[in-house]
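File shown: start_22.cif (mmCIF, N, CA and C atoms).
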```cif
data_upload
loop_
_atom_site.label_atom_id
_atom_site.label_comp_id
_atom_site.auth_asym_id
_atom_site.auth_seq_id
_atom_site.Cartn_x
_atom_site.Cartn_y
_atom_site.Cartn_z
N MET A 1 -142.61 -48.34 -74.18
CA MET A 1 -143.32 -47.49 -73.22
C MET A 1 -144.61 -46.99 -73.86
N ARG A 2 -145.63 -46.92 -73.04
CA ARG A 2 -146.90 -46.32 -73.43
C ARG A 2 -147.30 -45.30 -72.39
N LEU A 3 -148.09 -44.34 -72.81
CA LEU A 3 -148.66 -43.39 -71.87
C LEU A 3 -149.83 -44.06 -71.14
N PRO A 4 -150.15 -43.59 -69.95
CA PRO A 4 -151.36 -44.09 -69.31
C PRO A 4 -152.58 -43.84 -70.20
N GLU A 5 -153.55 -44.72 -70.12
CA GLU A 5 -154.74 -44.63 -70.98
C GLU A 5 -155.43 -43.27 -70.86
N ASP A 6 -155.50 -42.72 -69.64
CA ASP A 6 -156.12 -41.40 -69.44
C ASP A 6 -155.41 -40.32 -70.25
N ASP A 7 -154.08 -40.38 -70.31
CA ASP A 7 -153.31 -39.39 -71.06
C ASP A 7 -153.55 -39.56 -72.56
N GLU A 8 -153.56 -40.81 -73.04
CA GLU A 8 -153.84 -41.04 -74.46
C GLU A 8 -155.24 -40.55 -74.81
N ASN A 9 -156.21 -40.82 -73.96
CA ASN A 9 -157.58 -40.35 -74.20
C ASN A 9 -157.64 -38.83 -74.22
N TYR A 10 -156.90 -38.19 -73.32
CA TYR A 10 -156.84 -36.73 -73.28
C TYR A 10 -156.29 -36.19 -74.60
N LEU A 11 -155.15 -36.71 -75.04
CA LEU A 11 -154.53 -36.23 -76.28
C LEU A 11 -155.47 -36.42 -77.47
N ASN A 12 -156.10 -37.57 -77.54
CA ASN A 12 -157.01 -37.86 -78.65
C ASN A 12 -158.25 -36.98 -78.60
N SER A 13 -158.77 -36.72 -77.41
CA SER A 13 -159.96 -35.87 -77.28
C SER A 13 -159.69 -34.44 -77.71
N LYS A 14 -158.45 -34.00 -77.57
CA LYS A 14 -158.06 -32.64 -77.99
C LYS A 14 -157.76 -32.57 -79.49
N GLY A 15 -157.72 -33.73 -80.14
CA GLY A 15 -157.46 -33.75 -81.58
C GLY A 15 -155.99 -33.57 -81.94
N TYR A 16 -155.12 -33.77 -80.98
CA TYR A 16 -153.69 -33.63 -81.25
C TYR A 16 -153.20 -34.79 -82.12
N LYS A 17 -152.30 -34.48 -83.04
CA LYS A 17 -151.56 -35.51 -83.77
C LYS A 17 -150.29 -35.73 -82.97
N TRP A 18 -150.15 -36.91 -82.35
CA TRP A 18 -149.05 -37.12 -81.43
C TRP A 18 -148.43 -38.50 -81.64
N GLN A 19 -147.21 -38.61 -81.14
CA GLN A 19 -146.52 -39.90 -81.12
C GLN A 19 -145.59 -39.92 -79.92
N LEU A 20 -145.33 -41.12 -79.43
CA LEU A 20 -144.42 -41.31 -78.31
C LEU A 20 -143.19 -42.02 -78.83
N LEU A 21 -142.06 -41.33 -78.82
CA LEU A 21 -140.81 -41.88 -79.32
C LEU A 21 -139.99 -42.42 -78.16
N PRO A 22 -139.29 -43.54 -78.35
CA PRO A 22 -138.46 -44.08 -77.27
C PRO A 22 -137.31 -43.13 -76.93
N ASP A 23 -136.96 -43.10 -75.64
CA ASP A 23 -135.86 -42.26 -75.16
C ASP A 23 -135.31 -42.90 -73.90
N GLY A 24 -134.37 -43.81 -74.07
CA GLY A 24 -133.82 -44.52 -72.91
C GLY A 24 -134.90 -45.36 -72.27
N ASN A 25 -135.10 -45.20 -70.96
CA ASN A 25 -136.16 -45.97 -70.31
C ASN A 25 -137.48 -45.20 -70.28
N GLY A 26 -137.52 -44.04 -70.89
CA GLY A 26 -138.73 -43.22 -70.98
C GLY A 26 -139.11 -42.99 -72.43
N GLY A 27 -139.67 -41.85 -72.67
CA GLY A 27 -140.07 -41.52 -74.03
C GLY A 27 -140.14 -40.02 -74.24
N CYS A 28 -140.32 -39.65 -75.48
CA CYS A 28 -140.52 -38.25 -75.86
C CYS A 28 -141.88 -38.16 -76.54
N LEU A 29 -142.80 -37.47 -75.91
CA LEU A 29 -144.10 -37.21 -76.49
C LEU A 29 -143.96 -36.03 -77.43
N VAL A 30 -144.28 -36.24 -78.71
CA VAL A 30 -144.20 -35.17 -79.70
C VAL A 30 -145.60 -34.91 -80.23
N ILE A 31 -146.04 -33.67 -80.10
CA ILE A 31 -147.31 -33.23 -80.65
C ILE A 31 -147.00 -32.36 -81.85
N SER A 32 -147.45 -32.79 -83.02
CA SER A 32 -147.16 -32.08 -84.26
C SER A 32 -148.08 -30.87 -84.42
N LYS A 33 -147.50 -29.82 -84.96
CA LYS A 33 -148.25 -28.60 -85.31
C LYS A 33 -149.07 -28.06 -84.14
N PHE A 34 -148.39 -27.89 -83.02
CA PHE A 34 -149.02 -27.34 -81.82
C PHE A 34 -149.17 -25.83 -82.00
N SER A 35 -150.36 -25.31 -81.75
CA SER A 35 -150.63 -23.88 -81.92
C SER A 35 -149.93 -23.06 -80.85
N VAL A 36 -149.31 -21.97 -81.30
CA VAL A 36 -148.74 -20.98 -80.39
C VAL A 36 -149.30 -19.62 -80.77
N SER A 37 -149.24 -18.68 -79.87
CA SER A 37 -149.81 -17.36 -80.11
C SER A 37 -148.98 -16.58 -81.13
N ALA A 38 -149.59 -16.34 -82.30
CA ALA A 38 -148.91 -15.53 -83.32
C ALA A 38 -148.88 -14.06 -82.92
N GLN A 39 -149.63 -13.69 -81.86
CA GLN A 39 -149.56 -12.32 -81.35
C GLN A 39 -148.28 -12.10 -80.54
N ILE A 40 -147.76 -13.18 -79.99
CA ILE A 40 -146.56 -13.09 -79.15
C ILE A 40 -145.32 -13.59 -79.88
N PHE A 41 -145.46 -14.68 -80.63
CA PHE A 41 -144.31 -15.35 -81.23
C PHE A 41 -144.27 -15.15 -82.74
N ASP A 42 -143.13 -15.52 -83.31
CA ASP A 42 -142.88 -15.30 -84.74
C ASP A 42 -143.46 -16.38 -85.64
N ARG A 43 -144.30 -17.25 -85.11
CA ARG A 43 -144.99 -18.27 -85.90
C ARG A 43 -146.27 -18.65 -85.17
N ALA A 44 -147.13 -19.37 -85.87
CA ALA A 44 -148.42 -19.76 -85.30
C ALA A 44 -148.46 -21.21 -84.84
N GLU A 45 -147.45 -21.99 -85.22
CA GLU A 45 -147.40 -23.38 -84.78
C GLU A 45 -145.98 -23.90 -84.80
N THR A 46 -145.77 -24.93 -84.00
CA THR A 46 -144.48 -25.58 -83.90
C THR A 46 -144.74 -26.98 -83.34
N ASP A 47 -143.78 -27.86 -83.45
CA ASP A 47 -143.93 -29.17 -82.80
C ASP A 47 -143.55 -29.00 -81.33
N LEU A 48 -144.28 -29.68 -80.48
CA LEU A 48 -144.07 -29.62 -79.04
C LEU A 48 -143.59 -30.97 -78.55
N MET A 49 -142.57 -30.99 -77.69
CA MET A 49 -142.08 -32.24 -77.12
C MET A 49 -142.06 -32.13 -75.60
N ILE A 50 -142.50 -33.23 -74.98
CA ILE A 50 -142.43 -33.36 -73.52
C ILE A 50 -141.71 -34.68 -73.24
N ARG A 51 -140.64 -34.62 -72.47
CA ARG A 51 -139.93 -35.85 -72.10
C ARG A 51 -140.71 -36.55 -71.00
N ILE A 52 -140.99 -37.82 -71.23
CA ILE A 52 -141.76 -38.63 -70.29
C ILE A 52 -140.79 -39.57 -69.58
N PRO A 53 -140.59 -39.39 -68.26
CA PRO A 53 -139.65 -40.27 -67.56
C PRO A 53 -140.18 -41.70 -67.48
N GLY A 54 -139.28 -42.65 -67.37
CA GLY A 54 -139.64 -44.05 -67.31
C GLY A 54 -140.56 -44.38 -66.14
N GLN A 55 -140.49 -43.62 -65.07
CA GLN A 55 -141.32 -43.88 -63.89
C GLN A 55 -142.55 -42.96 -63.82
N TYR A 56 -142.90 -42.34 -64.97
CA TYR A 56 -144.10 -41.49 -65.01
C TYR A 56 -145.32 -42.35 -64.70
N ASN A 57 -146.11 -42.03 -63.87
CA ASN A 57 -146.60 -40.82 -63.26
C ASN A 57 -146.08 -40.66 -61.83
N ILE A 58 -145.31 -41.62 -61.36
CA ILE A 58 -144.67 -41.43 -60.06
C ILE A 58 -143.66 -40.30 -60.18
N ALA A 59 -142.84 -40.35 -61.23
CA ALA A 59 -141.92 -39.26 -61.55
C ALA A 59 -142.71 -38.22 -62.35
N GLY A 60 -142.44 -36.96 -62.09
CA GLY A 60 -143.21 -35.89 -62.71
C GLY A 60 -142.65 -35.39 -64.02
N LEU A 61 -143.43 -34.56 -64.67
CA LEU A 61 -143.03 -33.91 -65.92
C LEU A 61 -142.37 -32.58 -65.57
N ASP A 62 -141.40 -32.20 -66.40
CA ASP A 62 -140.64 -30.99 -66.13
C ASP A 62 -140.08 -30.48 -67.44
N MET A 63 -140.28 -29.22 -67.72
CA MET A 63 -139.80 -28.55 -68.93
C MET A 63 -140.52 -29.07 -70.17
N PHE A 64 -140.40 -28.31 -71.25
CA PHE A 64 -140.93 -28.74 -72.53
C PHE A 64 -140.07 -28.13 -73.62
N TYR A 65 -140.26 -28.60 -74.84
CA TYR A 65 -139.38 -28.26 -75.96
C TYR A 65 -140.22 -27.98 -77.20
N VAL A 66 -139.70 -27.14 -78.09
CA VAL A 66 -140.35 -26.90 -79.37
C VAL A 66 -139.33 -26.96 -80.50
N ALA A 67 -139.84 -27.33 -81.68
CA ALA A 67 -139.03 -27.32 -82.92
C ALA A 67 -140.01 -27.16 -84.08
N PRO A 68 -139.78 -26.24 -84.97
CA PRO A 68 -138.67 -25.30 -84.95
C PRO A 68 -138.81 -24.28 -83.82
N GLU A 69 -137.69 -23.62 -83.56
CA GLU A 69 -137.63 -22.66 -82.47
C GLU A 69 -138.62 -21.52 -82.67
N ILE A 70 -138.97 -20.88 -81.58
CA ILE A 70 -139.82 -19.69 -81.66
C ILE A 70 -139.10 -18.54 -80.97
N LYS A 71 -139.38 -17.35 -81.48
CA LYS A 71 -138.83 -16.13 -80.91
C LYS A 71 -139.96 -15.16 -80.64
N VAL A 72 -139.70 -14.18 -79.79
CA VAL A 72 -140.68 -13.17 -79.46
C VAL A 72 -140.85 -12.25 -80.67
N LYS A 73 -142.09 -12.09 -81.08
CA LYS A 73 -142.41 -11.25 -82.24
C LYS A 73 -142.00 -9.81 -81.94
N GLY A 74 -141.42 -9.17 -82.90
CA GLY A 74 -141.04 -7.77 -82.75
C GLY A 74 -139.64 -7.57 -82.23
N THR A 75 -139.17 -8.42 -81.32
CA THR A 75 -137.83 -8.24 -80.77
C THR A 75 -136.84 -9.23 -81.38
N GLY A 76 -137.35 -10.39 -81.83
CA GLY A 76 -136.46 -11.42 -82.38
C GLY A 76 -135.66 -12.14 -81.30
N SER A 77 -135.97 -11.88 -80.04
CA SER A 77 -135.24 -12.55 -78.95
C SER A 77 -135.96 -13.84 -78.56
N TYR A 78 -135.22 -14.70 -77.89
CA TYR A 78 -135.83 -15.92 -77.39
C TYR A 78 -136.66 -15.58 -76.15
N PRO A 79 -137.73 -16.33 -75.91
CA PRO A 79 -138.48 -16.12 -74.67
C PRO A 79 -137.58 -16.36 -73.46
N ASP A 80 -137.97 -15.80 -72.33
CA ASP A 80 -137.22 -15.96 -71.09
C ASP A 80 -137.01 -17.44 -70.78
N ARG A 81 -135.77 -17.80 -70.46
CA ARG A 81 -135.37 -19.16 -70.12
C ARG A 81 -135.70 -20.18 -71.22
N ALA A 82 -135.56 -19.72 -72.48
CA ALA A 82 -135.81 -20.62 -73.62
C ALA A 82 -134.75 -20.42 -74.69
N ASP A 83 -133.50 -20.28 -74.25
CA ASP A 83 -132.41 -20.04 -75.19
C ASP A 83 -131.37 -21.16 -75.20
N VAL A 84 -131.77 -22.34 -74.73
CA VAL A 84 -130.91 -23.51 -74.72
C VAL A 84 -131.52 -24.53 -75.68
N PHE A 85 -130.65 -25.24 -76.40
CA PHE A 85 -131.11 -26.21 -77.39
C PHE A 85 -130.53 -27.59 -77.08
N GLU A 86 -131.35 -28.62 -77.30
CA GLU A 86 -130.93 -30.00 -77.07
C GLU A 86 -131.37 -30.84 -78.26
N ASN A 87 -130.64 -31.92 -78.52
CA ASN A 87 -130.97 -32.81 -79.62
C ASN A 87 -131.64 -34.08 -79.11
N TYR A 88 -132.79 -34.38 -79.70
CA TYR A 88 -133.54 -35.62 -79.43
C TYR A 88 -134.12 -36.10 -80.75
N GLY A 89 -134.02 -37.39 -80.99
CA GLY A 89 -134.62 -37.95 -82.19
C GLY A 89 -134.14 -37.30 -83.47
N ASN A 90 -132.86 -36.97 -83.52
CA ASN A 90 -132.26 -36.33 -84.70
C ASN A 90 -132.86 -34.97 -85.03
N ARG A 91 -133.36 -34.30 -84.01
CA ARG A 91 -133.90 -32.95 -84.19
C ARG A 91 -133.32 -32.04 -83.12
N ARG A 92 -133.23 -30.77 -83.44
CA ARG A 92 -132.76 -29.74 -82.51
C ARG A 92 -134.00 -29.10 -81.88
N TRP A 93 -134.08 -29.18 -80.55
CA TRP A 93 -135.24 -28.71 -79.82
C TRP A 93 -134.88 -27.51 -78.93
N GLN A 94 -135.72 -26.50 -78.92
CA GLN A 94 -135.58 -25.35 -78.04
C GLN A 94 -136.21 -25.71 -76.70
N ARG A 95 -135.41 -25.64 -75.65
CA ARG A 95 -135.88 -26.02 -74.31
C ARG A 95 -136.49 -24.82 -73.59
N PHE A 96 -137.69 -25.00 -73.08
CA PHE A 96 -138.33 -24.02 -72.21
C PHE A 96 -138.14 -24.52 -70.79
N SER A 97 -137.29 -23.83 -70.05
CA SER A 97 -136.99 -24.23 -68.68
C SER A 97 -138.11 -23.72 -67.77
N ARG A 98 -139.11 -24.57 -67.62
CA ARG A 98 -140.27 -24.23 -66.79
C ARG A 98 -140.45 -25.35 -65.78
N HIS A 99 -140.73 -24.97 -64.56
CA HIS A 99 -140.86 -25.95 -63.48
C HIS A 99 -142.13 -25.66 -62.70
N LEU A 100 -142.71 -26.70 -62.14
CA LEU A 100 -143.92 -26.54 -61.34
C LEU A 100 -143.61 -25.73 -60.09
N ASN A 101 -144.58 -24.93 -59.66
CA ASN A 101 -144.40 -24.14 -58.44
C ASN A 101 -144.60 -24.97 -57.18
N THR A 102 -145.23 -26.13 -57.33
CA THR A 102 -145.48 -27.03 -56.21
C THR A 102 -144.93 -28.40 -56.56
N PRO A 103 -144.64 -29.24 -55.59
CA PRO A 103 -144.12 -30.57 -55.89
C PRO A 103 -145.13 -31.41 -56.69
N TRP A 104 -144.61 -32.27 -57.55
CA TRP A 104 -145.43 -33.19 -58.35
C TRP A 104 -146.18 -34.13 -57.41
N ARG A 105 -147.47 -34.30 -57.64
CA ARG A 105 -148.29 -35.19 -56.82
C ARG A 105 -148.57 -36.46 -57.63
N ALA A 106 -147.80 -37.50 -57.35
CA ALA A 106 -147.93 -38.77 -58.08
C ALA A 106 -149.36 -39.29 -57.97
N GLY A 107 -149.91 -39.70 -59.11
CA GLY A 107 -151.26 -40.22 -59.14
C GLY A 107 -152.34 -39.16 -59.19
N VAL A 108 -151.96 -37.90 -58.98
CA VAL A 108 -152.92 -36.78 -59.02
C VAL A 108 -152.61 -35.90 -60.24
N ASP A 109 -151.37 -35.42 -60.30
CA ASP A 109 -150.96 -34.59 -61.44
C ASP A 109 -150.69 -35.50 -62.63
N GLY A 110 -150.80 -34.93 -63.81
CA GLY A 110 -150.56 -35.71 -65.01
C GLY A 110 -150.45 -34.82 -66.23
N LEU A 111 -150.52 -35.43 -67.38
CA LEU A 111 -150.34 -34.72 -68.63
C LEU A 111 -151.36 -33.58 -68.82
N PRO A 112 -152.66 -33.77 -68.54
CA PRO A 112 -153.58 -32.64 -68.73
C PRO A 112 -153.20 -31.40 -67.93
N MET A 113 -152.78 -31.59 -66.67
CA MET A 113 -152.35 -30.46 -65.86
C MET A 113 -151.12 -29.80 -66.46
N PHE A 114 -150.15 -30.62 -66.88
CA PHE A 114 -148.92 -30.07 -67.44
C PHE A 114 -149.20 -29.34 -68.76
N MET A 115 -150.10 -29.89 -69.57
CA MET A 115 -150.47 -29.24 -70.82
C MET A 115 -151.13 -27.89 -70.58
N SER A 116 -151.89 -27.75 -69.50
CA SER A 116 -152.51 -26.45 -69.21
C SER A 116 -151.44 -25.40 -68.93
N LEU A 117 -150.34 -25.80 -68.28
CA LEU A 117 -149.24 -24.86 -68.05
C LEU A 117 -148.58 -24.46 -69.36
N ILE A 118 -148.39 -25.43 -70.25
CA ILE A 118 -147.78 -25.15 -71.56
C ILE A 118 -148.69 -24.24 -72.38
N GLN A 119 -149.98 -24.51 -72.36
CA GLN A 119 -150.92 -23.68 -73.11
C GLN A 119 -150.90 -22.25 -72.61
N LYS A 120 -150.84 -22.05 -71.29
CA LYS A 120 -150.73 -20.70 -70.74
C LYS A 120 -149.50 -19.99 -71.27
N GLU A 121 -148.42 -20.72 -71.33
CA GLU A 121 -147.13 -20.16 -71.75
C GLU A 121 -147.10 -19.84 -73.25
N LEU A 122 -147.60 -20.75 -74.06
CA LEU A 122 -147.44 -20.62 -75.52
C LEU A 122 -148.66 -20.08 -76.25
N GLN A 123 -149.83 -20.15 -75.62
CA GLN A 123 -151.04 -19.74 -76.33
C GLN A 123 -151.70 -18.52 -75.72
N ALA A 124 -151.10 -17.96 -74.67
CA ALA A 124 -151.66 -16.77 -74.05
C ALA A 124 -151.68 -15.63 -75.05
N LYS A 125 -152.67 -14.80 -74.95
CA LYS A 125 -152.77 -13.65 -75.84
C LYS A 125 -151.89 -12.52 -75.32
N GLY A 126 -151.26 -11.82 -76.23
CA GLY A 126 -150.35 -10.75 -75.84
C GLY A 126 -151.03 -9.52 -75.32
#
```

Any chance you could give the structure as structure tokens?
Amino acid sequence: MRLPEDDENYLNSKGYKWQLLPDGNGGCLVISKFSVSAQIFDRAETDLMIRIPGQYNIAGLDMFYVAPEIKVKGTGSYPDRADVFENYGNRRWQRFSRHLNTPWRAGVDGLPMFMSLIQKELQAKG
């Protein structure tokens, strides 16, 4: 499996160090050392994973994962809806149960849009 060329160009233009690992008929996009807000969380970076379905971009993206786990700074608690863990590629990933507010628009929505949602969630200033 490969990502669409537009998605690969997007990732490269942002300077992300990324790889696409096989996962059944889809893949797991892993971005190494993804920045997170150290004002909100207990670390400044973590690896980010997005599961890419085999029928992507017809099938949409949903949820994202980080490893190592992150907790809310000061409280030590997990972020809301991020207290479930799953194993992929011999790693334990913290699942962020986040879903689009509107239906996925095949051929319109894509990785850049989904990444903007993740950035809002993980890089927002406290």

Nearby residues (only C-alpha atoms) at most 12 Å from Lys14 (chain A), same-chain spacing under 3 positions excluded, as an NGL selection string: :A and (7-11 or 17-18 or 31 or 34 or 112 or 115)

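Closest to Gln123 (chain A) among A:Ala59, A:Val36, A:Ala67, A:Val72 is A:Val36, based on all atoms listed in the file.
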
Secondary structure check, strand (DSSP E or B) residues of region 50-106 of chain A, as a ChimeraX atom specification: /A:50-52,64-67,72,84-88,91-96

Prev. selection, N, CA and C atoms, output as a PDB file, in the frame of the given file:
```pdb
ATOM      1  N   ILE A  50    -142.500 -33.230 -74.980  1.00  0.00           N
ATOM      2  CA  ILE A  50    -142.430 -33.360 -73.520  1.00  0.00           C
ATOM      3  C   ILE A  50    -141.710 -34.680 -73.240  1.00  0.00           C
ATOM      4  N   ARG A  51    -140.640 -34.620 -72.470  1.00  0.00           N
ATOM      5  CA  ARG A  51    -139.930 -35.850 -72.100  1.00  0.00           C
ATOM      6  C   ARG A  51    -140.710 -36.550 -71.000  1.00  0.00           C
ATOM      7  N   ILE A  52    -140.990 -37.820 -71.230  1.00  0.00           N
ATOM      8  CA  ILE A  52    -141.760 -38.630 -70.290  1.00  0.00           C
ATOM      9  C   ILE A  52    -140.790 -39.570 -69.580  1.00  0.00           C
ATOM     10  N   PHE A  64    -140.400 -28.310 -71.250  1.00  0.00           N
ATOM     11  CA  PHE A  64    -140.930 -28.740 -72.530  1.00  0.00           C
ATOM     12  C   PHE A  64    -140.070 -28.130 -73.620  1.00  0.00           C
ATOM     13  N   TYR A  65    -140.260 -28.600 -74.840  1.00  0.00           N
ATOM     14  CA  TYR A  65    -139.380 -28.260 -75.960  1.00  0.00           C
ATOM     15  C   TYR A  65    -140.220 -27.980 -77.200  1.00  0.00           C
ATOM     16  N   VAL A  66    -139.700 -27.140 -78.090  1.00  0.00           N
ATOM     17  CA  VAL A  66    -140.350 -26.900 -79.370  1.00  0.00           C
ATOM     18  C   VAL A  66    -139.330 -26.960 -80.500  1.00  0.00           C
ATOM     19  N   ALA A  67    -139.840 -27.330 -81.680  1.00  0.00           N
ATOM     20  CA  ALA A  67    -139.030 -27.320 -82.920  1.00  0.00           C
ATOM     21  C   ALA A  67    -140.010 -27.160 -84.080  1.00  0.00           C
ATOM     22  N   VAL A  72    -139.700 -14.180 -79.790  1.00  0.00           N
ATOM     23  CA  VAL A  72    -140.680 -13.170 -79.460  1.00  0.00           C
ATOM     24  C   VAL A  72    -140.850 -12.250 -80.670  1.00  0.00           C
ATOM     25  N   VAL A  84    -131.770 -22.340 -74.730  1.00  0.00           N
ATOM     26  CA  VAL A  84    -130.910 -23.510 -74.720  1.00  0.00           C
ATOM     27  C   VAL A  84    -131.520 -24.530 -75.680  1.00  0.00           C
ATOM     28  N   PHE A  85    -130.650 -25.240 -76.400  1.00  0.00           N
ATOM     29  CA  PHE A  85    -131.110 -26.210 -77.390  1.00  0.00           C
ATOM     30  C   PHE A  85    -130.530 -27.590 -77.080  1.00  0.00           C
ATOM     31  N   GLU A  86    -131.350 -28.620 -77.300  1.00  0.00           N
ATOM     32  CA  GLU A  86    -130.930 -30.000 -77.070  1.00  0.00           C
ATOM     33  C   GLU A  86    -131.370 -30.840 -78.260  1.00  0.00           C
ATOM     34  N   ASN A  87    -130.640 -31.920 -78.520  1.00  0.00           N
ATOM     35  CA  ASN A  87    -130.970 -32.810 -79.620  1.00  0.00           C
ATOM     36  C   ASN A  87    -131.640 -34.080 -79.110  1.00  0.00           C
ATOM     37  N   TYR A  88    -132.790 -34.380 -79.700  1.00  0.00           N
ATOM     38  CA  TYR A  88    -133.540 -35.620 -79.430  1.00  0.00           C
ATOM     39  C   TYR A  88    -134.120 -36.100 -80.750  1.00  0.00           C
ATOM     40  N   ARG A  91    -133.360 -34.300 -84.010  1.00  0.00           N
ATOM     41  CA  ARG A  91    -133.900 -32.950 -84.190  1.00  0.00           C
ATOM     42  C   ARG A  91    -133.320 -32.040 -83.120  1.00  0.00           C
ATOM     43  N   ARG A  92    -133.230 -30.770 -83.440  1.00  0.00           N
ATOM     44  CA  ARG A  92    -132.760 -29.740 -82.510  1.00  0.00           C
ATOM     45  C   ARG A  92    -134.000 -29.100 -81.880  1.00  0.00           C
ATOM     46  N   TRP A  93    -134.080 -29.180 -80.550  1.00  0.00           N
ATOM     47  CA  TRP A  93    -135.240 -28.710 -79.820  1.00  0.00           C
ATOM     48  C   TRP A  93    -134.880 -27.510 -78.930  1.00  0.00           C
ATOM     49  N   GLN A  94    -135.720 -26.500 -78.920  1.00  0.00           N
ATOM     50  CA  GLN A  94    -135.580 -25.350 -78.040  1.00  0.00           C
ATOM     51  C   GLN A  94    -136.210 -25.710 -76.700  1.00  0.00           C
ATOM     52  N   ARG A  95    -135.410 -25.640 -75.650  1.00  0.00           N
ATOM     53  CA  ARG A  95    -135.880 -26.020 -74.310  1.00  0.00           C
ATOM     54  C   ARG A  95    -136.490 -24.820 -73.590  1.00  0.00           C
ATOM     55  N   PHE A  96    -137.690 -25.000 -73.080  1.00  0.00           N
ATOM     56  CA  PHE A  96    -138.330 -24.020 -72.210  1.00  0.00           C
ATOM     57  C   PHE A  96    -138.140 -24.520 -70.790  1.00  0.00           C
TER      58      PHE A  96
END
```

Nearby residues (all atoms listed in the file) at most 5 Å from Phe85 (chain A), same-chain spacing under 2 positions excluded, as a PyMOL selection string: chain A and resi 83+87+93-95

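For the structure in this document, the set picked by the PyMOL selection byres ((chain A and resi 63) around 6.5) is Met49, Ile50, Arg51, Leu61, Asp62, Phe64, Tyr65, Phe96, Ser97, Arg98 and His99 of chain A.
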
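This file, filtered with the PyMOL selection byres (((chain A and resi 102-105 and name CA) around 10) and name CA), gives the residues Asn57, Ile58, Ala59, Gly60, Leu61, Asp62, His99, Leu100, Asn101, Ala106, Gly107, Val108, Asp109 and Gly110 of chain A.
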
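With distances restricted to only C-alpha atoms, A:Ala38 is the closest residue to Gly74 (chain A) from A:Ile52, A:Ala38, A:Leu29, A:Ala44.
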
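Going from CA of Gln119 (chain A) to CA of Ser37 (chain A) covers 9.5 Å.
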
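Relative to atom N of Ile118 (chain A), CA of Glu86 (chain A) is found at 19.3 Å.
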